[in-house]
file final_12.cif (mmCIF, C-alpha atoms and all ligand atoms)
data_upload
loop_
_atom_site.group_PDB
_atom_site.id
_atom_site.type_symbol
_atom_site.label_atom_id
_atom_site.label_comp_id
_atom_site.auth_asym_id
_atom_site.auth_seq_id
_atom_site.Cartn_x
_atom_site.Cartn_y
_atom_site.Cartn_z
ATOM 1 C CA MET T 1 12.188 19.455 -12.628
ATOM 2 C CA ALA T 2 15.833 20.338 -12.281
ATOM 3 C CA SER T 3 18.306 17.481 -12.104
ATOM 4 C CA TYR T 4 19.166 18.325 -8.508
ATOM 5 C CA ILE T 5 15.760 17.012 -7.435
ATOM 6 C CA LYS T 6 15.266 13.266 -7.829
ATOM 7 C CA GLU T 7 11.896 11.664 -7.204
ATOM 8 C CA THR T 8 11.244 7.949 -6.795
ATOM 9 C CA GLU T 9 7.991 6.294 -5.804
ATOM 10 C CA THR T 10 8.861 6.632 -2.131
ATOM 11 C CA GLU T 11 11.493 9.370 -1.763
ATOM 12 C CA ILE T 12 12.776 12.756 -2.852
ATOM 13 C CA VAL T 13 16.478 13.585 -2.871
ATOM 14 C CA LEU T 14 17.677 17.186 -3.158
ATOM 15 C CA THR T 15 21.272 17.996 -4.012
ATOM 16 C CA HIS T 16 22.641 21.484 -3.422
ATOM 17 C CA PRO T 17 23.072 23.166 -6.839
ATOM 18 C CA ARG T 18 26.504 24.586 -5.979
ATOM 19 C CA ASP T 19 27.854 21.680 -3.941
ATOM 20 C CA SER T 20 26.848 18.129 -4.719
ATOM 21 C CA SER T 21 28.281 16.939 -1.377
ATOM 22 C CA THR T 22 25.271 18.585 0.350
ATOM 23 C CA SER T 23 22.031 16.661 0.036
ATOM 24 C CA VAL T 24 18.788 15.886 1.814
ATOM 25 C CA ARG T 25 16.680 12.737 1.431
ATOM 26 C CA ILE T 26 12.990 12.830 2.312
ATOM 27 C CA LEU T 27 10.677 9.834 2.590
ATOM 28 C CA LYS T 28 7.134 10.557 1.386
ATOM 29 C CA TYR T 29 5.915 8.479 4.335
ATOM 30 C CA GLY T 30 5.721 11.047 7.124
ATOM 31 C CA ALA T 31 7.584 13.566 4.911
ATOM 32 C CA THR T 32 10.361 12.279 7.132
ATOM 33 C CA ILE T 33 13.814 13.668 6.445
ATOM 34 C CA LEU T 34 15.993 10.532 6.537
ATOM 35 C CA SER T 35 19.359 12.018 5.709
ATOM 36 C CA TRP T 36 21.083 15.381 5.528
ATOM 37 C CA LYS T 37 24.637 15.320 4.265
ATOM 38 C CA VAL T 38 27.133 18.176 4.438
ATOM 39 C CA LYS T 39 30.529 17.683 2.768
ATOM 40 C CA GLY T 40 29.324 14.155 2.098
ATOM 41 C CA GLN T 41 28.979 13.439 5.829
ATOM 42 C CA GLU T 42 25.745 12.406 7.477
ATOM 43 C CA GLN T 43 24.415 14.942 10.002
ATOM 44 C CA LEU T 44 21.355 13.036 11.217
ATOM 45 C CA TRP T 45 21.085 9.806 13.173
ATOM 46 C CA LEU T 46 18.952 7.079 11.607
ATOM 47 C CA SER T 47 18.519 3.732 13.307
ATOM 48 C CA GLU T 48 19.909 0.766 11.382
ATOM 49 C CA LYS T 49 16.549 -0.882 12.103
ATOM 50 C CA ALA T 50 14.414 2.108 11.137
ATOM 51 C CA ILE T 51 11.348 0.834 9.296
ATOM 52 C CA LEU T 52 10.973 2.657 6.009
ATOM 53 C CA ASP T 53 8.145 0.686 4.405
ATOM 54 C CA GLY T 54 5.344 2.821 5.822
ATOM 55 C CA SER T 55 4.285 0.410 8.548
ATOM 56 C CA LYS T 56 5.764 2.390 11.446
ATOM 57 C CA ALA T 57 7.094 5.891 12.135
ATOM 58 C CA VAL T 58 10.767 6.237 11.264
ATOM 59 C CA ARG T 59 13.253 5.921 14.146
ATOM 60 C CA GLY T 60 15.639 8.725 13.322
ATOM 61 C CA GLY T 61 16.043 11.595 10.874
ATOM 62 C CA ILE T 62 13.369 14.277 11.335
ATOM 63 C CA PRO T 63 9.884 12.878 11.915
ATOM 64 C CA LEU T 64 7.083 15.467 12.058
ATOM 65 C CA VAL T 65 4.808 15.631 15.067
ATOM 66 C CA PHE T 66 1.222 16.852 14.461
ATOM 67 C CA PRO T 67 -1.425 17.397 15.845
ATOM 68 C CA VAL T 68 -0.427 16.114 19.293
ATOM 69 C CA PHE T 69 2.862 15.642 21.113
ATOM 70 C CA GLY T 70 2.144 13.398 24.120
ATOM 71 C CA LYS T 71 -1.070 11.852 25.296
ATOM 72 C CA SER T 72 -3.562 14.284 26.749
ATOM 73 C CA GLU T 73 -6.666 13.039 28.454
ATOM 74 C CA GLY T 74 -9.866 14.946 27.894
ATOM 75 C CA HIS T 75 -8.506 16.867 24.909
ATOM 76 C CA GLU T 76 -9.847 16.587 21.347
ATOM 77 C CA THR T 77 -6.586 14.833 20.369
ATOM 78 C CA SER T 78 -6.755 12.274 23.191
ATOM 79 C CA GLN T 79 -7.758 9.376 20.917
ATOM 80 C CA LEU T 80 -4.654 9.809 18.761
ATOM 81 C CA PRO T 81 -1.420 7.896 19.339
ATOM 82 C CA GLN T 82 1.625 9.695 20.791
ATOM 83 C CA HIS T 83 3.034 12.219 18.263
ATOM 84 C CA GLY T 84 -0.136 12.146 16.128
ATOM 85 C CA PHE T 85 -0.561 10.980 12.535
ATOM 86 C CA ALA T 86 1.653 13.228 10.383
ATOM 87 C CA ARG T 87 4.655 10.915 10.785
ATOM 88 C CA ASN T 88 2.521 7.878 9.843
ATOM 89 C CA SER T 89 0.863 9.226 6.696
ATOM 90 C CA VAL T 90 2.082 9.369 3.114
ATOM 91 C CA TRP T 91 2.447 13.008 2.067
ATOM 92 C CA GLU T 92 1.968 14.311 -1.458
ATOM 93 C CA PHE T 93 5.060 15.690 -3.109
ATOM 94 C CA LEU T 94 4.074 19.134 -4.398
ATOM 95 C CA GLY T 95 7.331 19.776 -6.240
ATOM 96 C CA GLN T 96 9.857 22.573 -6.362
ATOM 97 C CA VAL T 97 8.739 26.040 -5.299
ATOM 98 C CA GLU T 98 12.063 27.878 -5.558
ATOM 99 C CA SER T 99 15.407 27.227 -7.195
ATOM 100 C CA ASP T 100 17.601 29.509 -5.071
ATOM 101 C CA PRO T 101 17.552 28.355 -2.372
ATOM 102 C CA LEU T 102 16.451 24.976 -3.610
ATOM 103 C CA THR T 103 13.037 24.492 -1.988
ATOM 104 C CA VAL T 104 10.409 21.769 -2.232
ATOM 105 C CA GLN T 105 7.042 21.213 -0.589
ATOM 106 C CA PHE T 106 4.910 18.334 0.614
ATOM 107 C CA GLY T 107 1.218 18.427 1.468
ATOM 108 C CA LEU T 108 -1.068 16.490 3.769
ATOM 109 C CA GLY T 109 -4.842 16.681 4.114
ATOM 110 C CA PRO T 110 -7.670 14.517 5.496
ATOM 111 C CA GLU T 111 -7.699 12.475 2.255
ATOM 112 C CA ASN T 112 -4.124 11.318 2.986
ATOM 113 C CA ILE T 113 -4.612 10.027 6.514
ATOM 114 C CA SER T 114 -5.969 6.667 7.662
ATOM 115 C CA GLU T 115 -9.650 6.124 8.367
ATOM 116 C CA THR T 116 -8.678 5.445 11.967
ATOM 117 C CA ALA T 117 -6.845 8.760 12.331
ATOM 118 C CA ARG T 118 -9.736 10.544 10.631
ATOM 119 C CA CYS T 119 -12.175 9.074 13.188
ATOM 120 C CA GLN T 120 -9.835 9.885 16.061
ATOM 121 C CA TRP T 121 -9.412 13.501 14.925
ATOM 122 C CA PRO T 122 -12.268 14.518 12.599
ATOM 123 C CA HIS T 123 -11.078 17.982 11.559
ATOM 124 C CA ASP T 124 -10.381 19.437 8.132
ATOM 125 C CA PHE T 125 -6.871 20.731 7.624
ATOM 126 C CA THR T 126 -4.093 21.315 5.143
ATOM 127 C CA LEU T 127 -0.437 20.947 6.112
ATOM 128 C CA ILE T 128 2.332 22.234 3.881
ATOM 129 C CA PHE T 129 5.832 21.078 4.790
ATOM 130 C CA THR T 130 8.641 23.037 3.147
ATOM 131 C CA VAL T 131 12.242 21.826 2.955
ATOM 132 C CA SER T 132 15.073 23.945 1.625
ATOM 133 C CA LEU T 133 18.854 24.062 1.439
ATOM 134 C CA PRO T 134 19.610 27.762 2.119
ATOM 135 C CA SER T 135 23.360 27.136 2.024
ATOM 136 C CA GLU T 136 25.866 24.312 1.667
ATOM 137 C CA ASP T 137 25.833 23.770 5.435
ATOM 138 C CA SER T 138 22.227 24.446 6.399
ATOM 139 C CA LEU T 139 18.806 22.869 6.129
ATOM 140 C CA SER T 140 15.496 24.650 6.740
ATOM 141 C CA THR T 141 12.153 23.098 7.494
ATOM 142 C CA SER T 142 8.843 24.850 7.911
ATOM 143 C CA LEU T 143 5.314 23.703 8.494
ATOM 144 C CA GLU T 144 2.200 25.655 7.633
ATOM 145 C CA VAL T 145 -0.989 24.555 9.333
ATOM 146 C CA GLU T 146 -4.273 25.679 7.785
ATOM 147 C CA ASN T 147 -7.700 25.166 9.266
ATOM 148 C CA THR T 148 -10.040 24.308 6.377
ATOM 149 C CA ASP T 149 -12.807 23.347 8.799
ATOM 150 C CA LYS T 150 -15.810 25.321 10.029
ATOM 151 C CA GLN T 151 -14.729 25.109 13.672
ATOM 152 C CA PRO T 152 -11.493 26.164 15.391
ATOM 153 C CA TRP T 153 -9.229 23.339 16.522
ATOM 154 C CA GLU T 154 -6.094 22.959 18.624
ATOM 155 C CA PHE T 155 -2.812 21.303 17.822
ATOM 156 C CA ASN T 156 0.859 20.741 18.685
ATOM 157 C CA VAL T 157 3.750 20.779 16.214
ATOM 158 C CA LEU T 158 7.300 19.473 16.598
ATOM 159 C CA PHE T 159 10.337 18.850 14.406
ATOM 160 C CA HIS T 160 11.701 15.692 16.044
ATOM 161 C CA THR T 161 15.321 16.026 14.895
ATOM 162 C CA TYR T 162 17.796 13.236 15.688
ATOM 163 C CA PHE T 163 21.265 14.793 15.379
ATOM 164 C CA ARG T 164 24.261 12.538 14.744
ATOM 165 C CA ILE T 165 27.057 13.258 17.211
ATOM 166 C CA PRO T 166 30.443 11.647 17.870
ATOM 167 C CA ASP T 167 30.035 11.016 21.606
ATOM 168 C CA ILE T 168 27.105 11.832 23.910
ATOM 169 C CA THR T 169 29.380 11.936 26.974
ATOM 170 C CA GLN T 170 31.294 14.857 25.421
ATOM 171 C CA THR T 171 28.180 16.658 24.176
ATOM 172 C CA HIS T 172 26.129 19.418 25.705
ATOM 173 C CA VAL T 173 23.314 21.723 24.667
ATOM 174 C CA GLU T 174 23.465 25.505 25.094
ATOM 175 C CA GLY T 175 20.936 28.297 24.673
ATOM 176 C CA LEU T 176 18.115 27.086 26.910
ATOM 177 C CA THR T 177 18.546 29.263 29.984
ATOM 178 C CA GLY T 178 15.525 31.244 31.144
ATOM 179 C CA THR T 179 13.223 28.364 30.325
ATOM 180 C CA GLN T 180 10.727 26.349 32.313
ATOM 181 C CA VAL T 181 11.554 22.640 32.300
ATOM 182 C CA THR T 182 9.106 19.753 32.346
ATOM 183 C CA ASP T 183 11.228 16.717 33.131
ATOM 184 C CA LYS T 184 9.392 13.586 32.018
ATOM 185 C CA VAL T 185 11.941 11.229 33.604
ATOM 186 C CA SER T 186 12.015 12.684 37.135
ATOM 187 C CA LYS T 187 8.414 13.936 36.753
ATOM 188 C CA THR T 188 9.369 17.370 38.065
ATOM 189 C CA ASN T 189 9.155 20.948 36.844
ATOM 190 C CA TYR T 190 11.877 23.469 37.458
ATOM 191 C CA ALA T 191 13.555 26.613 36.106
ATOM 192 C CA GLY T 192 15.997 25.840 33.288
ATOM 193 C CA ASN T 193 19.046 27.841 34.207
ATOM 194 C CA GLU T 194 21.857 25.521 33.115
ATOM 195 C CA ALA T 195 24.187 27.211 30.628
ATOM 196 C CA LYS T 196 25.302 23.742 29.515
ATOM 197 C CA ILE T 197 22.920 20.797 29.503
ATOM 198 C CA THR T 198 24.914 17.588 29.718
ATOM 199 C CA ILE T 199 23.531 14.082 29.230
ATOM 200 C CA ALA T 200 24.594 11.258 31.538
ATOM 201 C CA GLY T 201 21.507 9.051 31.547
ATOM 202 C CA GLU T 202 18.007 9.018 30.096
ATOM 203 C CA VAL T 203 16.895 12.573 29.355
ATOM 204 C CA ASP T 204 13.397 13.523 28.265
ATOM 205 C CA ARG T 205 12.675 17.182 28.946
ATOM 206 C CA VAL T 206 10.652 19.993 27.458
ATOM 207 C CA TYR T 207 12.337 23.414 27.777
ATOM 208 C CA SER T 208 9.673 26.082 27.349
ATOM 209 C CA SER T 209 10.498 29.716 26.736
ATOM 210 C CA PRO T 210 8.250 32.750 26.966
ATOM 211 C CA SER T 211 9.554 33.670 23.515
ATOM 212 C CA THR T 212 11.213 31.722 20.738
ATOM 213 C CA PRO T 213 14.893 31.020 21.624
ATOM 214 C CA ASP T 214 17.510 32.834 19.501
ATOM 215 C CA SER T 215 19.644 29.820 18.817
ATOM 216 C CA VAL T 216 20.225 26.452 20.434
ATOM 217 C CA ALA T 217 23.704 24.971 20.094
ATOM 218 C CA ILE T 218 24.827 21.347 20.228
ATOM 219 C CA VAL T 219 28.425 21.400 21.346
ATOM 220 C CA SER T 220 31.054 18.649 21.548
ATOM 221 C CA GLY T 221 33.865 19.597 23.959
ATOM 222 C CA SER T 222 34.506 23.188 22.865
ATOM 223 C CA LYS T 223 33.368 22.736 19.269
ATOM 224 C CA THR T 224 29.871 23.708 18.195
ATOM 225 C CA LEU T 225 28.531 20.931 15.986
ATOM 226 C CA PHE T 226 25.127 22.403 15.162
ATOM 227 C CA ASN T 227 22.973 25.459 15.705
ATOM 228 C CA VAL T 228 19.226 25.274 15.594
ATOM 229 C CA GLN T 229 18.281 28.811 14.630
ATOM 230 C CA ASN T 230 15.939 31.207 12.792
ATOM 231 C CA LEU T 231 13.173 29.764 14.909
ATOM 232 C CA GLN T 232 9.702 31.015 14.178
ATOM 233 C CA ASN T 233 6.766 30.155 16.481
ATOM 234 C CA LEU T 234 8.749 27.357 18.162
ATOM 235 C CA LYS T 235 8.980 28.245 21.855
ATOM 236 C CA ASP T 236 9.571 24.727 23.160
ATOM 237 C CA VAL T 237 12.646 22.569 22.791
ATOM 238 C CA VAL T 238 12.565 18.890 23.684
ATOM 239 C CA VAL T 239 15.882 17.298 24.581
ATOM 240 C CA TRP T 240 15.704 13.504 24.395
ATOM 241 C CA ASN T 241 18.203 10.707 24.723
ATOM 242 C CA PRO T 242 16.866 7.241 25.597
ATOM 243 C CA TRP T 243 20.145 5.963 27.080
ATOM 244 C CA THR T 244 20.638 2.220 27.727
ATOM 245 C CA GLU T 245 17.392 0.875 29.110
ATOM 246 C CA LYS T 246 14.947 2.827 26.967
ATOM 247 C CA ALA T 247 17.001 2.109 23.811
ATOM 248 C CA ASN T 248 16.884 -1.600 24.694
ATOM 249 C CA GLY T 249 13.111 -1.411 24.913
ATOM 250 C CA LEU T 250 12.721 0.135 21.443
ATOM 251 C CA ALA T 251 12.666 -2.704 18.878
ATOM 252 C CA ASP T 252 13.592 -0.378 15.996
ATOM 253 C CA PHE T 253 16.507 1.284 17.838
ATOM 254 C CA SER T 254 19.786 -0.070 16.492
ATOM 255 C CA PRO T 255 22.578 -0.460 17.305
ATOM 256 C CA LYS T 256 21.585 -0.645 20.958
ATOM 257 C CA ASP T 257 24.498 1.606 21.923
ATOM 258 C CA GLY T 258 23.463 4.047 19.173
ATOM 259 C CA PHE T 259 22.239 6.415 21.893
ATOM 260 C CA LYS T 260 25.909 7.379 22.290
ATOM 261 C CA ASN T 261 25.852 8.854 18.799
ATOM 262 C CA MET T 262 22.553 10.718 18.836
ATOM 263 C CA ILE T 263 20.769 13.513 20.563
ATOM 264 C CA CYS T 264 17.277 14.693 19.803
ATOM 265 C CA VAL T 265 16.898 18.459 20.010
ATOM 266 C CA GLU T 266 13.333 18.973 18.885
ATOM 267 C CA THR T 267 11.851 22.418 18.359
ATOM 268 C CA GLY T 268 8.134 22.699 18.691
ATOM 269 C CA SER T 269 5.017 24.208 20.064
ATOM 270 C CA VAL T 270 3.981 21.521 22.524
ATOM 271 C CA SER T 271 3.660 22.891 26.053
ATOM 272 C CA LYS T 272 0.413 24.613 25.103
ATOM 273 C CA TYR T 273 -1.992 23.920 22.290
ATOM 274 C CA GLN T 274 -2.133 26.410 19.453
ATOM 275 C CA THR T 275 -5.576 27.310 18.214
ATOM 276 C CA VAL T 276 -6.247 28.001 14.589
ATOM 277 C CA ALA T 277 -9.511 29.613 13.510
ATOM 278 C CA PRO T 278 -11.476 28.461 10.467
ATOM 279 C CA GLY T 279 -9.745 29.722 7.322
ATOM 280 C CA ALA T 280 -6.658 30.784 9.274
ATOM 281 C CA LYS T 281 -3.059 29.617 8.898
ATOM 282 C CA TRP T 282 -0.238 29.210 11.402
ATOM 283 C CA SER T 283 3.339 28.424 10.512
ATOM 284 C CA ALA T 284 6.601 27.499 12.188
ATOM 285 C CA SER T 285 10.132 27.095 10.924
ATOM 286 C CA GLN T 286 13.697 26.267 11.894
ATOM 287 C CA THR T 287 17.113 26.243 10.265
ATOM 288 C CA LEU T 288 19.729 23.662 11.186
ATOM 289 C CA LYS T 289 23.305 24.776 10.644
ATOM 290 C CA SER T 290 26.171 22.334 10.645
ATOM 291 C CA HIS T 291 29.664 23.510 11.602
ATOM 292 C CA LEU T 292 31.453 20.603 9.986
HETATM 293 O O1 LIG V 301 9.109 6.342 20.416
HETATM 294 P P1 LIG V 301 8.552 7.644 19.903
HETATM 295 O O2 LIG V 301 7.063 7.711 19.884
HETATM 296 O O3 LIG V 301 9.150 7.986 18.543
HETATM 297 O O4 LIG V 301 9.030 8.775 20.878
HETATM 298 C C1 LIG V 301 10.365 8.982 21.169
HETATM 299 C C2 LIG V 301 10.501 10.098 22.206
HETATM 300 O O5 LIG V 301 10.163 11.310 21.598
HETATM 301 C C3 LIG V 301 10.349 12.457 22.434
HETATM 302 O O6 LIG V 301 9.952 13.596 21.709
HETATM 303 C C4 LIG V 301 9.490 12.333 23.661
HETATM 304 O O7 LIG V 301 9.707 13.441 24.512
HETATM 305 C C5 LIG V 301 9.798 11.033 24.380
HETATM 306 O O8 LIG V 301 8.940 10.897 25.506
HETATM 307 C C6 LIG V 301 9.647 9.863 23.443
HETATM 308 O O9 LIG V 301 10.047 8.674 24.104
#
call {"tool": "encode", "arguments": {"input": "final_12.cif", "output": "structure tokens"}}
result
Amino acid sequence: MASYIKETETEIVLTHPRDSSTSVRILKYGATILSWKVKGQEQLWLSEKAILDGSKAVRGGIPLVFPVFGKSEGHETSQLPQHGFARNSVWEFLGQVESDPLTVQFGLGPENISETARCQWPHDFTLIFTVSLPSEDSLSTSLEVENTDKQPWEFNVLFHTYFRIPDITQTHVEGLTGTQVTDKVSKTNYAGNEAKITIAGEVDRVYSSPSTPDSVAIVSGSKTLFNVQNLQNLKDVVVWNPWTEKANGLADFSPKDGFKNMICVETGSVSKYQTVAPGAKWSASQTLKSHL
């Protein structure tokens, strides 16, 4: 394995071959991306109290949501905890699959998940999570979902990205007009026509588009910090910031005013379940671009 991929018992670190100040650190637990650095600067928010020992999903970075997003009564995923089991399972590191761009893969199957999760969701599957560094300032993630069962089953997928930002009060999100919004805080649904989505309190919304959005931008003042782009099969975007009270209630959220320096812009397929037939595959991907 090339020297720009380092593996320890618990983590993989990739360093960009042409620029060692770009790197990505992935925990095998959850295949959770913990850190993405561009020009040596951290782009993701990770709680100072994030638990990395495999006893709890990581608070920050990019946890993976599969096979369910929320809680849905009466559905085949209804026994599972919120966000499913992918973020709570140790993935197998499958190694490098490409050198340019530097690309690695992780795999998860029924043999890797807990007995409890297996009982709660007794389907056969293979997940392949691919992480690559297409350029010095971008990070791509993709997830392939394969049904290795004899029956079709339904699922949700989400890349739960916590972006690190200088100041939430100066930050807005663009690119989500023409969407349908499910607002989990006000418990309302409405048309998403705001050109600029600003955050001034707890926000927990799903923006659903009829087609995959072109690009979602996270902007500070007049400067674009990030674009979430090259979206494939990801028609929903969750915008989440816990603000004061919710952050206080999350034991692993630290510092408590850390909500000022983070925004979750999570691309997924969550407003409807996807169905995958026996033997079939479905995949989704995103590229995060930093404008540092
Ligand atoms: O605390 P968790 O399970 O990591 O979830 C954090 C948040 O994740 C978001 O994706 C959800 O929309 C929120 O409702 C949720 O609070």
call {"tool": "residues_near_ligand", "arguments": {"input": "final_12.cif", "ligand": "ligand LIG 301 (chain V)", "cutoff": "8 Å", "atoms": "only C-alpha atoms and all ligand atoms", "output": "list in words"}}
result
Ala57, Val58, Arg59, Phe69, Gly70, Gln82, His83, His160, Lys184, Asp204, Arg205, Val206, Val238, Val239, Trp240, Pro242, Leu250, Cys264 and Glu266 of chain T
call {"tool": "resolve_selection", "arguments": {"input": "final_12.cif", "expression": "the PyMOL selection byres (((chain T and resi 262) around 6) and not hetatm)", "output": "mmCIF file with C-alpha atoms, keeping the file's coordinate frame"}}
result
data_model
loop_
_atom_site.group_PDB
_atom_site.id
_atom_site.type_symbol
_atom_site.label_atom_id
_atom_site.label_comp_id
_atom_site.auth_asym_id
_atom_site.auth_seq_id
_atom_site.Cartn_x
_atom_site.Cartn_y
_atom_site.Cartn_z
ATOM 1 C CA TRP T 45 21.085 9.806 13.173
ATOM 2 C CA PHE T 163 21.265 14.793 15.379
ATOM 3 C CA ARG T 164 24.261 12.538 14.744
ATOM 4 C CA ILE T 165 27.057 13.258 17.211
ATOM 5 C CA PHE T 259 22.239 6.415 21.893
ATOM 6 C CA LYS T 260 25.909 7.379 22.290
ATOM 7 C CA ASN T 261 25.852 8.854 18.799
ATOM 8 C CA ILE T 263 20.769 13.513 20.563
#
call {"tool": "atom_distance", "arguments": {"input": "final_12.cif", "atom1": "atom CA of Ile12 of chain T", "atom2": "atom CA of Gly109 of chain T"}}
result
19.3 Å
call {"tool": "closest_residue", "arguments": {"input": "final_12.cif", "among": "T:Gly268, T:Pro110, T:Pro17, T:Gly279", "to": "Gln232 of chain T", "atoms": "only C-alpha atoms"}}
result
T:Gly268
call {"tool": "residues_around", "arguments": {"input": "final_12.cif", "residues": "Ala284 of chain T", "least_positions_apart": "3", "cutoff": "6 Å", "atoms": "all atoms listed in the file", "output": "list in words"}}
result
Ser142, Leu143, Gln232 and Asn233 of chain T
call {"tool": "residues_around", "arguments": {"input": "final_12.cif", "residues": "Leu176 of chain T", "least_positions_apart": "3", "cutoff": "10 Å", "atoms": "all atoms listed in the file", "output": "list in words"}}
result
Val173, Thr179, Gln180, Val181, Gly192, Asn193, Glu194, Ala195, Lys196, Ile197, Tyr207, Ser208, Ser209, Pro213, Asp214, Ser215, Val216, Ala217, Asp236 and Val237 of chain T
call {"tool": "residues_around", "arguments": {"input": "final_12.cif", "residues": "Asn88 of chain T", "least_positions_apart": "4", "cutoff": "12 Å", "atoms": "all atoms listed in the file", "output": "ChimeraX atom specification"}}
result
/T:27-32,51-59,63-67,80-84,108,112-114,116-117
call {"tool": "residues_around", "arguments": {"input": "final_12.cif", "residues": "Leu225 of chain T", "least_positions_apart": "5", "cutoff": "9 Å", "atoms": "only C-alpha atoms", "output": "list in words"}}
result
Ile165, Ala217, Ile218, Val219, Ser220, Lys289, Ser290, His291 and Leu292 of chain T
call {"tool": "atom_distance", "arguments": {"input": "final_12.cif", "atom1": "atom CA of Asp124 of chain T", "atom2": "atom CA of Arg87 of chain T"}}
result
17.5 Å
